[in-house]
Each structure stands twice: as structure tokens, then as C-alpha cells.
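Here's the structure, in C-alpha cells; my notes come after.
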Amino acid sequence: MDLMRPASPQEAADLLAEATAARRGVVIAGSGRHRDRGPEPPPGATTLATSALNRVVSYDPAEMIAVVEAGLTVGELATVLAEGGQEWAADAPADATVGGVLAVALNSPRRLKVGPVRDSLLEVVLATGDGRLVRGGGRVVKNVTGYDLPRLAVGSRGTLGLIAQVALKVRPLPKAVRTLSWVSDDPFSVGRRILEGVPLPAAVVATPQRVILRLEGWPDEVAAQARTAAVVVGPPGDDDAWPPPGPRGSHRAEISVPPSQLADPGAGLDWAALLGVGVCWVGADDPTLLPPSPSAGLPAPEIHRRLKASFDPAGILPDLAGVPA
Amino acid sequence: MTAGPATPPILPPGRTLSDPLARALYGRDGSMFEGGASLVALPESRDEVVACMHLAATNGLQVVPRGSGTGLAGGAIPIGDTLVVATTKMNRILDVRPEDRLAWVEPGVLNLDLAEHLAPFGFTYAPDPSSQQVCSVGGNVNTNAGGPHCLAYGVTSNHILAVELVLPDGRIEILGSEGPDAPGYDLRGLVVGSEGTLGIVTAICVRLVPLPPAIRTLLLDFTDVEACAATVSDIIARGVIPAALEMMDQLVIRAVEHYVHAGYPTDAAAILLVELDGVAESVAAQAAEVEAAARANGVRTIRVAETAEERGLLWKGRKSAFGATAQVAPNYHLHDCVVPRTKLVEVLRGVYDIVDRHDLKVLNVFHAGDGNLHPLLAFDRREPGALERVLQASEEIVRLCVDAGGALSGEHGIGLEKRDFMSLVFSDADLDAQACLRAAFDPDGVMNPHKVLPAGARCGDHVALERGGGTAGEGIPEGTWI
């Protein structure tokens with residue numbers, strides 16, 4: 001398979017322009033780690049790799065904004081931000097790319113506290129399928145200047161263009177953290193009592209045998225929350241690692257429901273549910289055991305079609321309708 | 001997707017206003033512009049909104065959605081042959097589900113009414129613009145409204161889970177979801193901040209945020225503006241993200257104190273209203289950092305609100321700032337500038353300079369934590385030449401903020417007011433792409449004409465759309481009084 005590896009946003013745009021003119025299929029690749037979250041590439045597609053688009057363009061801790069090229073890895077970004085006492089609250093694997101995390105909308109298990117990753121993208125430079133460089137948003141934390149192109153880019157799964165450069169809202173690293181866990185044979189019930197009784201946790205995670213409580217904040221705050229949790233559901237076991245490992249199994253699915261509807265997904269599955277958020281990650285070796293995919297087709301298909309046609313008129317990039325279950 | 005009622009719906013009698021007074025009244029909003037509607041409709045349900053779209057189509061009218069009409073950028077000003085669709089009567093809170101941390105509301109529900117309704121459940125709706133007693137949640141959605149609590153809690157877009165949208169062709173879509181992730185593109189995210197140009201929002205699923213267990217409000221006063229701004233930076237550097245961080249300069253302090261009697265120090269050069277919230281131990285730790293930062297930068301006094309009443313009074317002062325300006329002059333033009341936080345003092349100095357050169361008065365209120373500055377130019381419209389000086393100074397202020405690396409609007413939106421400045425911050429390619437976002441929802445250009453995108457932005461040659469691409473608008477036409 002051919003590989004293109006642009007070293008600048010403009011070069012990426014030029015390569016896409018050429019591919020459009022030649023009607024040659026392209027698939028965008030960051031680390032490739034989350035390719036299963038994106039649609040199938042067209043057969044014979046050339047890979048457009050972002051690994052050379054990896055500069056830190058600007059970072060000022062006083063602004064709490066980092067401007068980076070999208071091929072920068074999550075680990076490299078974390079190192080840069082840690083020097084400023086800050087983090088990008090994405091919690092993705094260290095070798096994943098910033099652009100990849102945004103393109104597939106990979107959200108943090110701390111979502112209860114830090115919100116979805118789309119809320120952290122302030123500005124995006126997108127190289128469209130037909131090779132235009134388009135910018136939307138701005139390098140400020142509040143902005144209503146035109147249409148929200150950054151929000152369109154997050155979760156667009158490489159179907160509209162290449163996310164070339166981004167401005168990310170970053171936050172202070174917490175001064176204290178703890179990950180408490182309890183063994184339980186009724187994790188949803190225990191987890192819900194924790195969620196109701198402990199104020200402002202970072203995450204409450206239910207798994208088949210355990211409940212995990214992630215606390216972050218000021219030292220006295222974390223200590224107080226931990227004491228409260230022990231009062232509500234009894235003393236925890238040993239502190240746990242964070243983030244918790246994903247569910248075991250060669251096949252994965254993600255359930256998204258209003259949080260009160262989270263429930264045991266069933267026998268034969270390993271799972272981890274984010275209480276208060278409504279996400280449940282499910283894993284199995286036998287794909288027939290996974291929950292069925294939620295709905296057929298996309299909402300507002302006409303709007304989706306027009307957006308796709310605007311950004312990738314020759315259709316050289318994969319199509320969102322092809323997203324696997 | 002729902003296609004709506006099978007036969008073209010008709011508005012019941014009494015839903016429209018066509019008398020000249022109504023058409024003139026609905027021709028104004030909170031901005032300085034004045035337009036005029038051809039017809040005004042006040043629908044009471046989603047299906048009546050669909051009927052409004054059909055009515056507009058049948059009569060060759062474009063559609064201008066309107067919430068409470070408190071928008072400051074002219075986003076609700078009707079220009080040309082228009083039907084104004086005001087959602088004021090769609091003001092029911094439909095469903096509150098604390099177990100799912102969401103609520104469904106109609107667009108005409110007032111922001112503060114929603115927050116007050118949620119409080120007994122132990123929750124709130126976080127975005128709190130200063131106009132919250134009057135502004136509607138639907139309007140908030142369309143302007144991606146801000147407010148002092150957005151620093152820690154995020155802007156409106158972070159608090160909208162889903163919207164029900166009636167498209168200009170009358171079809172109805174639910175965008176977003178009650179669950180955390182919806183399939184497809186974030187169309188919900190595109191609707192937020194779209195200033196009435198994509199359709200009419202008829203129901204909104206808002207995110208509920210738990211009321212914090214503890215709140216502490218502090219008033220810091222400074223004899224020096226730079227010291228106040230340096231304190232803001234220092235607070236952030238210590239890893240504190242206050243729930244609100246509001247700065248006011250001397251003229252504002254005096255106007256507000258004279259009116260509200262909150263105990264603001266009228267000889268201060270600037271004050272900082274700091275609100276901290278969270279778990280009690282967190283609030284205590286944050287307060288210690290804030291006080292240390294303030295003392296390190298030469299604060300004169302630190303006052304902590306001891307009671308809920310005192311807190312309310314301190315906030316009343318801040319939220320009444322614009323109205324209190326009436327003591328200074330009969331008219332005001334309010335700006336909305338957002339710049340990098342570290343550029344606040346430099347920009348503030350630049351604003352004072354511009355205002356001096358145009359012989360005007362300025363009162364400054366800022367969401368200091370966000371770099372969002374609201375210079376308020378106070379003037380008397382009856383004075384010959386005053387309005388021209390205000391408009392000239394306004395343009396210079398916008399350019400100053402853009403040159404400092406800012407955006408055109410932090411909270412109020414582009415509307416009419418800043419439409420022709422869009423090319424200061426975006427290239428033609430950027431604006432054409434935005435025209436495509438708009439045309440994806442409104443290919444015929446029915447919704448809210450002349451707003452947001454400047455003349456010539458078009459979703460153009462690289463794609464074939466239903467009517468060969470939409471043109472976003474021309475120059476502000478004759479008949480739009482300023």
C-alpha cells in the first residue's frame with residue numbers, strides 16, 4: 001500500500017488535492033490504533049500518515065491553550081504539558097495521536113468530571129478531501145465567531161478531511177489523585193450509592209467484580225471524599241491503577257445510554273460502565289455475544305450527505321455510513 | 001427523523017401579528033439596529049413552528065427566529081421580506097430527569113427560571129448570561145451563550161445534549177442524544193451558536209450539573225488595574241479555576257454602587273469578584289491560593305461574602321452593570337471582545353486610548369478568567385456626531401482585539417454587527433466552508449438573512465447543491481436603521 005507522509009498542513013492539503021484530481025482513494029492514519037472505530041477504507045486506498053505532522057506550535061501555560069500539529073502523540077503532548085503543570089484531559093494511550101483521538105472522539109474515562117473530548121477543541125485547521133486548508137474556531141476559550149467547525153471535525157473519523165493542527169484547551173494537573181476500589185457482586189448498586197453519596201468524583205466505574213472510584217483535586221478534598229466513600233459503602237480494598245484496563249475480548253463495542261439505563265450487559269461479556277455518564281465498554285471473544293448496534297443509518301441523512309459533498313466532493317475519503325457496528 | 005404532520009399545517013388564528021406597531025417592535029432586539037418584519041408569528045408548539053415555515057414558504061418570506069430579543073449583535077433583526085417567529089410562548093419545562101442528569105425544555109423558557117426550577121432537585125443549568133432574568137434558553141443555544149460561570153463550567157455547547165430542530169423545509173430532526181454519544185457528525189454542535197440561521201429549535205435537552213456543596217464569593221479591591229490583572233494570572237498559575245472571575249473598573253464600580261449599594265469600594269481602580277465552588281475542602285484550599293495571589297500582587301482589601309444575601313448582592317452589582325450605566329449617559333454600546341488572557345491589560349490600555357481619542361466614556365466589565373472583555377461605550381445619541389464617534393471607536397476596538405490574537409465575539413455572536421469583520425479573522429476559503437455548513441441545513445437561504453457570514457461567502461464551485469450554492473448575504477441594506 002502506498003504511503004504519503006506530509007510534513008506540514010499545506011503539504012497534506014496538496015496531497016489531498018492531487019488525490020482528488022486523480023480520483024484516488026485515501027485513508028488517513030494516525031497511530032492506526034483506533035482504526036476499528038472508523039469506516040472501512042475504499043479498496044486500494046493510499047494511506048496518508050500524520051506522523052511527520054508533529055510540531056508543538058505554541059504553548060503558554062498562562063493561557064491554558066496548546067496549539068499542536070495533529071500527528072503529535074498523546075504521550076509527547078503529556079510531557080510538554082506536564083512541564084507547565086497541566087494536562088489534556090483525554091486519557092488516551094500514549095502512542096495514539098492527538099488528531100486520531102479527536103477524529104474518533106475517544107473520550108476519557110474521567111468524562112464525568114472532564115467532559116467529552118469535543119469540549120476541549122478550540123480551533124481546528126482541516127485539510128479537506130479536495131485539498132483546501134480551512135480553519136474554524138479560535139485560540140480563546142470562549143468563542144462565537146461563525147460556525148463550529150471544530151465540533152464538526154471531532155468524531156468525523158477521517159471522512160471530511162485531515163485534522164492537521166489543533167488548539168486544545170488544557171487544564172491544571174490535579175494536586176492529588178486516588179483510585180479506590182471495592183470488590184462487589186452487585187457493582188451497579190454499590191456504584192450508584194457512591195455516585196449519590198460522594199460529591200464530585202472524577203469517575204465511578206462498575207465492572208463485573210469491582211467498583212472503582214477515581215478522585216482528583218486538592219489534597220484535603222480527596223482525603224475527605226475518600227472518607228465519605230468508606231462511610232457510604234464500607235472500606236475499600238487496595239488502591240487501583242488508573243485508567244482501568246479496557247474489557248477483555250478480541251471484539252469490542254461501546255454502549256451509550258442515558259446514565260440511569262446502564263445495566264449488566266449480559267453473560268459471557270467483560271465490561272466497564274461509567275456511572276453517571278452512560279457509557280459502557282463491552283468486550284467478548286465471540287462477536288455474536290456483543291450487543292447489537294443501536295440504530296440503522298445516520299440521523300438527518302440529507303444534511304450528512306451535503307456536508308460530505310462539501311468537504312470531500314470526489315469522495316476519495318471513506319464514508320461515514322460505512323462505520324462498523 | 002420525523003416528516004411532521006401529513007397535510008401542510010396551518011397556524012391557528014391569533015398566532016400572527018401584522019399591525020404596523022408589532023412589525024416595528026419585532027424589528028428591534030437588544031442591539032442598536034432597527035429593521036422591520038413583514039409578519040410576526042408566535043407559535044405555541046413544534047407543529048405550529050412547522051406551520052410557520054410553510055407560511056413563510058407560501059408567502060415568499062424569509063424566516064427570522066427570535067427568543068427574548070435580548071441579543072446584542074443584531075441577530076434577531078428582520079431585514080427584507082421576513083416572518084419573525086418568536087418562541088416566547090413556547091415556555092414549558094417539559095421533563096426533568098435528575099437520574100439521567102438531563103431536562104427537556106421548550107426554547108422560550110427563561111434561563112434563570114430554568115435554574116430556579118432545577119435547584120430543588122439539587123442541580124442547575126450552568127450557563128448564566130447577565131441577562132438571565134430575561135433571555136431564553138433557545139436564544140442561549142443560538143448564540144452559544146456565555147456568562148461568568150463559563151470559565152469553570154464551559155460554554156452553552158457543553159451543556160446541550162440534544163436539540164429538536166425544525167428545518168426551513170418543515171422537516172423535523174432530533175440532533176444529538178440523551179445518551180452521551182450520538183452517531184454521525186456533531187450536528188447538534190453545529191446548531192449551537194448558529195444564530196438562527198439553520199432552522200428553529202423547538203425543544204432542547206439540557207445537561208444538569210450538580211449544585212456544588214460549597215460556594216465562597218470574594219471581593220478583592222485594587223488601587224491599580226495592572227495589579228488586578230496580574231492577580232488573575234497568578235490565580236490561574238496556581239492551578240485554581242474559579243467558578244467565576246469577574247473584573248470591573250472604576251466607572252462601573254461607581255455606577256453600580258450608587259444603584260445597588262452592595263458595598264463596592266468606589267475609590268478602587270478595579271475590583272475582582274471571585275467565586276469558588278466545589279467540595280468544602282476544595283473551596284478552602286482554593287480560597288487560600290486566591291488570597292495568597294492577591295496579597296502577592298498588592299491587593300488593598302479582601303472581603304468574603306458571609307451570607308447568601310451578601311453573595312446575592314455582590315452578584316446583583318455585577319449583573320446590573322449595564323443598566324446602572326444609565327446614570328452615566330442615556331445610551332450605551334456594549335462590546336464583546338475576547339482576547340488571550342495574558343493580553344487583557346494591554347488591550348484594556350488600548351481601549352482607554354481609543355476612547356479618549358474619540359472623546360467618549362467607557363465602563364469596563366470583564367470575564368477576566370476567559371479574556372472576555374465588555375467595554376461599554378456610554379454616550380448620548382442626541383448629541384450631534386456622537387453615534388458616529390461610537391461606531392468609529394467600535395471598529396478600532398474590534399481591530400485592536402483581533403490584532404491581539406482574539407476572536408470577534410466571546411458570547412454575543414456575530415449577528416449583523418460583526419458580519420463585515422469576519423474577513424479580519426477568516427480567509428475566503430474559511431468563510432466559504434462555513435457557507436457550506438450553513439447550506440447543508442438551509443440550501444435555499446431561507447433562514448435569518450444577512451447574518452453571520454459576509455456578502456460573497458458561498459458554498460461554491462467545488463460542490464453542486466440544490467440551487468447552485470447559497471449566497472450568504474449582501475451589505476447591510478438601506479432601511480436598516482442604526
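In the C-alpha cells, the first chain shown is A, the next is B, and so on; residue numbers restart at 1 for each chain, and ligands run from 1 in the order shown.
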* Asked: Can you tell me, as a PyMOL selection string, what residues are no more than 12 Å from range 32-42 of chain A when counting only C-alpha atoms, ignoring any on the same chain fewer than 3 positions away?
  -> (chain A and resi 23-29+45-51+71+73+92-106+155-159+250-254+315-325) or (chain B and resi 183-184)
* **Proximal residues of chain A relative to chain B (only C-alpha atoms; 7 Å) as a ChimeraX atom specification** => /A:62-63,119,134-136,138,140-148,151-152,155-156,172,199,218,220-221,256-260,277-279,298-300,303,306-307,309-310,313
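With CA of Arg349 in chain B on one side and CA of Ser394 in chain B on the other, the separation reads 14.9 Å.
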Using DSSP on the backbone coordinates, identify all residues within range 87-314 of chain A classified as helix (DSSP H, G or I); present the result as a PDB file with C-alpha atoms, in the first residue's frame.
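As a result, out21.pdb now contains:
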```pdb
ATOM      1  CA  VAL A  98      -3.952  13.960  19.103  1.00  0.00           C
ATOM      2  CA  GLY A  99      -5.664  14.044  15.706  1.00  0.00           C
ATOM      3  CA  GLY A 100      -6.701  10.409  15.966  1.00  0.00           C
ATOM      4  CA  VAL A 101      -8.225  10.863  19.407  1.00  0.00           C
ATOM      5  CA  LEU A 102     -10.257  13.808  18.106  1.00  0.00           C
ATOM      6  CA  ALA A 103     -11.169  12.163  14.811  1.00  0.00           C
ATOM      7  CA  ARG A 111     -15.716  12.073  31.461  1.00  0.00           C
ATOM      8  CA  LEU A 112     -17.972  12.627  34.481  1.00  0.00           C
ATOM      9  CA  LYS A 113     -15.613  15.369  35.588  1.00  0.00           C
ATOM     10  CA  VAL A 114     -13.707  16.499  32.493  1.00  0.00           C
ATOM     11  CA  VAL A 117     -13.112  15.431  24.262  1.00  0.00           C
ATOM     12  CA  ARG A 118     -15.085  17.603  21.811  1.00  0.00           C
ATOM     13  CA  ASP A 119     -15.352  20.263  24.536  1.00  0.00           C
ATOM     14  CA  SER A 120     -11.558  20.616  24.567  1.00  0.00           C
ATOM     15  CA  LEU A 149     -16.129  23.692  12.510  1.00  0.00           C
ATOM     16  CA  PRO A 150     -14.155  22.218  15.423  1.00  0.00           C
ATOM     17  CA  ARG A 151     -17.264  20.371  16.619  1.00  0.00           C
ATOM     18  CA  LEU A 152     -17.857  19.034  13.133  1.00  0.00           C
ATOM     19  CA  ALA A 153     -14.276  17.766  12.996  1.00  0.00           C
ATOM     20  CA  PRO A 187     -21.380  -3.359  41.288  1.00  0.00           C
ATOM     21  CA  PHE A 188     -24.194  -1.207  39.863  1.00  0.00           C
ATOM     22  CA  SER A 189     -25.882  -0.907  43.231  1.00  0.00           C
ATOM     23  CA  VAL A 190     -22.643  -0.138  45.059  1.00  0.00           C
ATOM     24  CA  GLY A 191     -21.549   2.234  42.318  1.00  0.00           C
ATOM     25  CA  ARG A 192     -24.824   4.165  42.406  1.00  0.00           C
ATOM     26  CA  ARG A 193     -24.548   4.586  46.177  1.00  0.00           C
ATOM     27  CA  ILE A 194     -21.069   6.000  45.710  1.00  0.00           C
ATOM     28  CA  LEU A 195     -22.264   8.320  42.955  1.00  0.00           C
ATOM     29  CA  GLU A 196     -25.070   9.633  45.127  1.00  0.00           C
ATOM     30  CA  GLY A 197     -23.051   9.863  48.342  1.00  0.00           C
ATOM     31  CA  PRO A 219      -5.282  17.015  48.876  1.00  0.00           C
ATOM     32  CA  ASP A 220      -7.785  17.726  51.673  1.00  0.00           C
ATOM     33  CA  GLU A 221     -10.627  17.366  49.222  1.00  0.00           C
ATOM     34  CA  VAL A 222      -9.509  13.943  48.017  1.00  0.00           C
ATOM     35  CA  ALA A 223      -8.969  12.760  51.578  1.00  0.00           C
ATOM     36  CA  ALA A 224     -12.451  13.934  52.567  1.00  0.00           C
ATOM     37  CA  GLN A 225     -14.067  12.274  49.566  1.00  0.00           C
ATOM     38  CA  ALA A 226     -12.262   9.008  50.312  1.00  0.00           C
ATOM     39  CA  ARG A 227     -13.504   9.101  53.909  1.00  0.00           C
ATOM     40  CA  THR A 228     -17.044   9.755  52.713  1.00  0.00           C
ATOM     41  CA  ALA A 229     -16.871   6.833  50.308  1.00  0.00           C
ATOM     42  CA  ALA A 230     -15.771   4.498  53.106  1.00  0.00           C
ATOM     43  CA  VAL A 231     -18.743   5.644  55.177  1.00  0.00           C
ATOM     44  CA  VAL A 232     -21.191   5.120  52.307  1.00  0.00           C
ATOM     45  CA  VAL A 233     -20.081   1.663  51.074  1.00  0.00           C
ATOM     46  CA  PRO A 259     -26.988   7.013  32.685  1.00  0.00           C
ATOM     47  CA  SER A 260     -29.901   5.554  34.652  1.00  0.00           C
ATOM     48  CA  GLN A 261     -30.256   2.870  31.989  1.00  0.00           C
ATOM     49  CA  PRO A 287     -18.645 -11.285  18.366  1.00  0.00           C
ATOM     50  CA  THR A 288     -22.172 -12.711  18.368  1.00  0.00           C
ATOM     51  CA  LEU A 289     -22.376 -12.020  22.091  1.00  0.00           C
ATOM     52  CA  PRO A 301     -29.019  11.809   6.283  1.00  0.00           C
ATOM     53  CA  GLU A 302     -29.604  14.657   3.845  1.00  0.00           C
ATOM     54  CA  ILE A 303     -27.531  17.045   5.979  1.00  0.00           C
ATOM     55  CA  HIS A 304     -24.817  14.405   6.360  1.00  0.00           C
ATOM     56  CA  ARG A 305     -24.763  13.910   2.605  1.00  0.00           C
ATOM     57  CA  ARG A 306     -24.428  17.626   1.884  1.00  0.00           C
ATOM     58  CA  LEU A 307     -21.648  18.056   4.442  1.00  0.00           C
ATOM     59  CA  LYS A 308     -19.750  15.127   2.995  1.00  0.00           C
ATOM     60  CA  ALA A 309     -20.164  16.507  -0.518  1.00  0.00           C
ATOM     61  CA  SER A 310     -18.925  19.944   0.585  1.00  0.00           C
ATOM     62  CA  PHE A 311     -15.726  18.715   2.158  1.00  0.00           C
TER      63      PHE A 311
END
```
* Asked: Neighbours of Asp356 in chain B within 12 Å (only C-alpha atoms; same-chain residues fewer than 5 positions away dropped), as a list of chain:residue names?
  -> B:Arg349, B:Gly350, B:Val351, B:Lys361, B:Val362, B:Leu377, B:Arg389, B:Val390, B:Ala393
* To do: Identify, on the basis of only C-alpha atoms, every residue whose closest approach to Asp312 in chain A does not exceed 6 Å; exclude the query and any residue fewer than 4 positions from it along the same chain; express the result as a count of residues only.
  => 4
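The strand (DSSP E) portion of range 269-353 of chain B consists of Ala270, Ile271, Leu272, Leu273, Val274, Glu275, Leu276, Asp277, Gly278, Thr301, Ile302, Arg303, Val304, Asn331, Tyr332, His333, Leu334, Cys337 and Val338 of chain B, with states taken from DSSP on the backbone.
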Could you take the residues named above and write them with N, CA, C and O atoms, as an mmCIF file, in the first residue's frame?
```
data_model
loop_
_atom_site.group_PDB
_atom_site.id
_atom_site.type_symbol
_atom_site.label_atom_id
_atom_site.label_comp_id
_atom_site.auth_asym_id
_atom_site.auth_seq_id
_atom_site.Cartn_x
_atom_site.Cartn_y
_atom_site.Cartn_z
ATOM 1 N N ALA B 270 -9.883 48.999 40.343
ATOM 2 C CA ALA B 270 -10.539 47.830 39.759
ATOM 3 C C ALA B 270 -10.866 46.868 40.884
ATOM 4 O O ALA B 270 -10.192 46.860 41.919
ATOM 5 N N ILE B 271 -11.929 46.104 40.695
ATOM 6 C CA ILE B 271 -12.215 45.039 41.656
ATOM 7 C C ILE B 271 -12.327 43.713 40.937
ATOM 8 O O ILE B 271 -12.608 43.655 39.738
ATOM 9 N N LEU B 272 -12.104 42.668 41.709
ATOM 10 C CA LEU B 272 -12.220 41.306 41.205
ATOM 11 C C LEU B 272 -13.255 40.596 42.068
ATOM 12 O O LEU B 272 -13.140 40.575 43.297
ATOM 13 N N LEU B 273 -14.279 40.094 41.406
ATOM 14 C CA LEU B 273 -15.284 39.289 42.097
ATOM 15 C C LEU B 273 -14.918 37.838 41.790
ATOM 16 O O LEU B 273 -14.891 37.438 40.627
ATOM 17 N N VAL B 274 -14.578 37.088 42.826
ATOM 18 C CA VAL B 274 -14.100 35.716 42.631
ATOM 19 C C VAL B 274 -15.090 34.776 43.283
ATOM 20 O O VAL B 274 -15.435 34.937 44.449
ATOM 21 N N GLU B 275 -15.556 33.791 42.530
ATOM 22 C CA GLU B 275 -16.416 32.784 43.137
ATOM 23 C C GLU B 275 -15.730 31.430 43.021
ATOM 24 O O GLU B 275 -15.252 31.052 41.952
ATOM 25 N N LEU B 276 -15.694 30.734 44.152
ATOM 26 C CA LEU B 276 -15.063 29.414 44.202
ATOM 27 C C LEU B 276 -16.136 28.424 44.583
ATOM 28 O O LEU B 276 -16.974 28.719 45.453
ATOM 29 N N ASP B 277 -16.170 27.280 43.941
ATOM 30 C CA ASP B 277 -17.143 26.286 44.383
ATOM 31 C C ASP B 277 -16.594 24.883 44.289
ATOM 32 O O ASP B 277 -15.560 24.639 43.678
ATOM 33 N N GLY B 278 -17.315 23.957 44.936
ATOM 34 C CA GLY B 278 -16.892 22.562 44.951
ATOM 35 C C GLY B 278 -17.117 21.968 46.325
ATOM 36 O O GLY B 278 -17.924 22.459 47.117
ATOM 37 N N THR B 301 -7.972 45.345 49.872
ATOM 38 C CA THR B 301 -8.806 44.619 50.843
ATOM 39 C C THR B 301 -9.372 43.357 50.202
ATOM 40 O O THR B 301 -9.560 43.294 48.986
ATOM 41 N N ILE B 302 -9.633 42.387 51.066
ATOM 42 C CA ILE B 302 -10.299 41.152 50.641
ATOM 43 C C ILE B 302 -11.549 41.017 51.488
ATOM 44 O O ILE B 302 -11.487 41.064 52.715
ATOM 45 N N ARG B 303 -12.668 40.892 50.817
ATOM 46 C CA ARG B 303 -13.920 40.747 51.567
ATOM 47 C C ARG B 303 -14.571 39.435 51.142
ATOM 48 O O ARG B 303 -14.661 39.134 49.962
ATOM 49 N N VAL B 304 -14.998 38.653 52.123
ATOM 50 C CA VAL B 304 -15.637 37.379 51.833
ATOM 51 C C VAL B 304 -17.120 37.497 52.153
ATOM 52 O O VAL B 304 -17.483 37.936 53.246
ATOM 53 N N ASN B 331 -27.394 56.463 26.574
ATOM 54 C CA ASN B 331 -27.245 55.344 25.648
ATOM 55 C C ASN B 331 -25.931 54.631 25.888
ATOM 56 O O ASN B 331 -24.979 55.231 26.382
ATOM 57 N N TYR B 332 -25.913 53.373 25.530
ATOM 58 C CA TYR B 332 -24.611 52.694 25.560
ATOM 59 C C TYR B 332 -24.491 51.727 24.409
ATOM 60 O O TYR B 332 -25.480 51.235 23.879
ATOM 61 N N HIS B 333 -23.252 51.491 24.019
ATOM 62 C CA HIS B 333 -22.948 50.454 23.031
ATOM 63 C C HIS B 333 -22.007 49.480 23.704
ATOM 64 O O HIS B 333 -20.921 49.855 24.144
ATOM 65 N N LEU B 334 -22.477 48.251 23.823
ATOM 66 C CA LEU B 334 -21.732 47.241 24.564
ATOM 67 C C LEU B 334 -20.915 46.390 23.618
ATOM 68 O O LEU B 334 -21.422 45.874 22.631
ATOM 69 N N CYS B 337 -15.504 41.488 23.376
ATOM 70 C CA CYS B 337 -14.197 41.155 22.794
ATOM 71 C C CYS B 337 -13.612 40.002 23.586
ATOM 72 O O CYS B 337 -13.713 39.983 24.804
ATOM 73 N N VAL B 338 -12.994 39.096 22.922
ATOM 74 C CA VAL B 338 -12.280 38.077 23.666
ATOM 75 C C VAL B 338 -10.854 37.994 23.142
ATOM 76 O O VAL B 338 -10.627 37.979 21.930
#
```
* Asked: Could you name the residues that touch range 313-320 of chain B at 12 Å or less, counting only C-alpha atoms, but leaving out those on the same chain fewer than 4 positions away, as an NGL selection string?
  -> :B and (128-133 or 147-149 or 216-220 or 244-249 or 252-265 or 271-275 or 303-309 or 324-326 or 364-367)
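With CA of Ala167 in chain A on one side and CA of Leu122 in chain A on the other, the separation reads 5.4 Å.
Coordinates place CA of His450 in chain B at a distance of 22.6 Å from CA of Cys135 in chain B.
Considering the residues A:Pro208, A:Pro291, A:Pro174, A:Pro243 and counting only C-alpha atoms, Gly85 in chain A has its shortest atom-to-atom contact with A:Pro174.
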* **Selection: 10 Å around Cys280 in chain A, only C-alpha atoms, excl. self and same-chain fewer than 4 positions, as a ChimeraX atom specification** => /A:205-207,247,253-257,259,262-265,271-275
* To do: Using only C-alpha atoms, determine which residues lie at most 8 Å from Asp91 in chain A, disregarding the query and same-chain residues fewer than 6 positions distant; provide the list as a PyMOL selection string.
  => chain A and resi 107-109+243
